Amino acid sequence: VSPNLREESASRQSDAAVAGAMQHRLSDPKSGCAGFDSNVHPVDAIAWSGNCVGGLASGPGTMTFSNQGKFVEWLAGDFDHGVARNGYVNVKFANGSSYEGDEVAAKMEGKGLFTTPEGDRLQGQWVNDRLNGYGVVTWSNGDRYEGEWRDGKAEGRGIQSWSDGRKYDGQWRNDLPNGHGVVTRKDGSRYEGVFADGRPSGATEMAAGAPATVADATAAPVTMATNTVAPAVSGQ
């Protein structure tokens, strides 16, 4: 959905990188409290709102990251020794995207909601920055997918609904209808059968008035591989 997500994926860092040279200490000139930034995007200043213990951000609070006076990232969470603890966070990014939910080691991990600059919403269970298990994606144009995910792709049982009234209910693999499924149009016509990579395959049964092919019924956006990569959560 958003090319910004692909670009932002580079800013997600491993624990080793966080502990290494990528992490540097920054101090808020107003409070005198310091925090650590692991974001690969240039950051030269922070502003901290919260308690300060031993000169470091501690407890619930918000940390704002900026570079040359320009906003980079805002993070609300529970801090310890200047670093955001694993758990619930609320993050807003300069490109207009945001994430609200659980994170572990600066990655989306657990239940959470990621919203793109365009207003697309990815909500569900996250593992290593990708939807895994049950999740719902709602696009700003009204399209919607609800069902099972694996590594950021529709995998298993799922329902894709399009804003023009079409719907596919069935099995998915690698972001495409694969296996048994049913396509229903706004006028009530139905196409039921076996699909392979989004197209009918083998013997099928078609209700009266249904189209001879469902290629057009599966043409709406269903590829989510690059849509589930989120910007890094700084402070880890």
# chains A, B, ... in the order shown; residues from 1 in each chain; ligands from 1
$ residues_around --residues "segment 110-122 of chain A" --least-positions-apart "6" --cutoff "6 Å" --atoms "only C-alpha atoms" --output "CSV table (one decimal) with N, CA and C atoms, in the first residue's frame"
chain,number,residue,atom,x,y,z
A,96,GLY,N,3.8,10.1,8.8
A,96,GLY,CA,2.4,10.1,9.1
A,96,GLY,C,1.9,8.7,9.5
A,97,SER,N,2.7,7.7,9.5
A,97,SER,CA,2.3,6.4,10.0
A,97,SER,C,2.4,6.3,11.5
A,98,SER,N,1.8,5.3,12.1
A,98,SER,CA,1.8,5.1,13.5
A,98,SER,C,1.6,3.7,13.9
A,99,TYR,N,2.1,3.3,15.1
A,99,TYR,CA,1.9,2.0,15.6
A,99,TYR,C,1.5,2.1,17.1
A,100,GLU,N,0.4,1.3,17.5
A,100,GLU,CA,0.0,1.3,18.8
A,100,GLU,C,-0.2,-0.2,19.2
A,101,GLY,N,0.6,-0.6,20.2
A,101,GLY,CA,0.4,-2.0,20.6
A,101,GLY,C,1.7,-2.5,21.3
A,102,ASP,N,1.9,-3.9,21.2
A,102,ASP,CA,3.0,-4.5,21.9
A,102,ASP,C,4.2,-4.5,21.0
A,137,VAL,N,-7.0,-6.3,7.8
A,137,VAL,CA,-6.4,-5.1,7.1
A,137,VAL,C,-7.6,-4.4,6.5
A,138,THR,N,-7.7,-3.1,6.7
A,138,THR,CA,-8.7,-2.3,6.1
A,138,THR,C,-8.0,-1.2,5.3
A,139,TRP,N,-8.3,-1.2,4.0
A,139,TRP,CA,-7.7,-0.1,3.2
A,139,TRP,C,-8.5,1.1,3.2
A,140,SER,N,-7.9,2.2,2.9
A,140,SER,CA,-8.6,3.5,3.0
A,140,SER,C,-9.7,3.6,1.9
$ closest_residue --among "A:Asp44, A:Glu148, A:Asp143, A:Glu109" --to "Gln160 of chain A" --atoms "only C-alpha atoms"
A:Asp143
$ residues_around --residues "Ser27 of chain A" --least-positions-apart "4" --cutoff "10 Å" --atoms "only C-alpha atoms" --output "VMD selection string"
chain A and resid 31 to 36 44 to 48 55 to 57 82
$ write_last_selection --atoms "C-alpha atoms" --output "compact mmCIF listing (two decimals), in the first residue's frame"
# COMPACT_ATOMS: atom_id res chain seq x y z
CA SER A 31 15.12 18.48 31.58
CA GLY A 32 18.75 17.36 31.52
CA CYS A 33 17.48 13.80 31.17
CA ALA A 34 19.11 11.46 28.65
CA GLY A 35 17.80 8.65 26.46
CA PHE A 36 19.17 6.31 23.84
CA ASP A 44 20.49 14.85 16.94
CA ALA A 45 18.06 15.85 19.68
CA ILE A 46 15.42 14.48 22.04
CA ALA A 47 12.75 15.95 24.27
CA TRP A 48 11.66 13.91 27.29
CA GLY A 55 20.15 11.32 34.61
CA LEU A 56 18.21 8.83 32.44
CA ALA A 57 14.58 8.68 31.30
CA GLY A 82 16.77 5.75 28.99
$ atom_distance --atom1 "atom CA of Val53 of chain A" --atom2 "atom CA of Ala94 of chain A"
28.7 Å
$ select_by_dssp --residues "segment 4-157 of chain A" --states "strand (DSSP E or B)" --output "NGL selection string"
:A and (24-27 or 34-37 or 45-53 or 56-67 or 70-80 or 83-84 or 87-93 or 98-104 or 107-115 or 121-127 or 130-138 or 144-150 or 153-157)
$ residues_around --residues "Met108 of chain A" --least-positions-apart "6" --cutoff "8 Å" --atoms "only C-alpha atoms" --output "list in words"
Gly101, Asp102, Trp126, Val127, Asn128, Asp129, Arg130 and Ala230 of chain A
$ residues_around --residues "Gly50 of chain A" --least-positions-apart "5" --cutoff "8 Å" --atoms "only C-alpha atoms" --output "PyMOL selection string"
chain A and resi 57-62
$ write_last_selection --atoms "N, CA and C atoms" --output "mmCIF file, in the first residue's frame"
data_model
loop_
_atom_site.group_PDB
_atom_site.id
_atom_site.type_symbol
_atom_site.label_atom_id
_atom_site.label_comp_id
_atom_site.auth_asym_id
_atom_site.auth_seq_id
_atom_site.Cartn_x
_atom_site.Cartn_y
_atom_site.Cartn_z
ATOM 1 N N ALA A 57 16.043 8.773 31.368
ATOM 2 C CA ALA A 57 14.582 8.679 31.297
ATOM 3 C C ALA A 57 14.137 7.407 31.997
ATOM 4 N N SER A 58 13.126 7.542 32.859
ATOM 5 C CA SER A 58 12.684 6.391 33.641
ATOM 6 C C SER A 58 11.181 6.456 33.890
ATOM 7 N N GLY A 59 10.508 5.302 33.748
ATOM 8 C CA GLY A 59 9.079 5.212 33.997
ATOM 9 C C GLY A 59 8.256 5.640 32.802
ATOM 10 N N PRO A 60 6.944 5.809 33.002
ATOM 11 C CA PRO A 60 6.072 6.218 31.899
ATOM 12 C C PRO A 60 6.440 7.613 31.410
ATOM 13 N N GLY A 61 6.409 7.794 30.111
ATOM 14 C CA GLY A 61 6.706 9.103 29.556
ATOM 15 C C GLY A 61 6.702 9.090 28.050
ATOM 16 N N THR A 62 7.013 10.243 27.472
ATOM 17 C CA THR A 62 7.087 10.360 26.019
ATOM 18 C C THR A 62 8.445 10.932 25.627
#
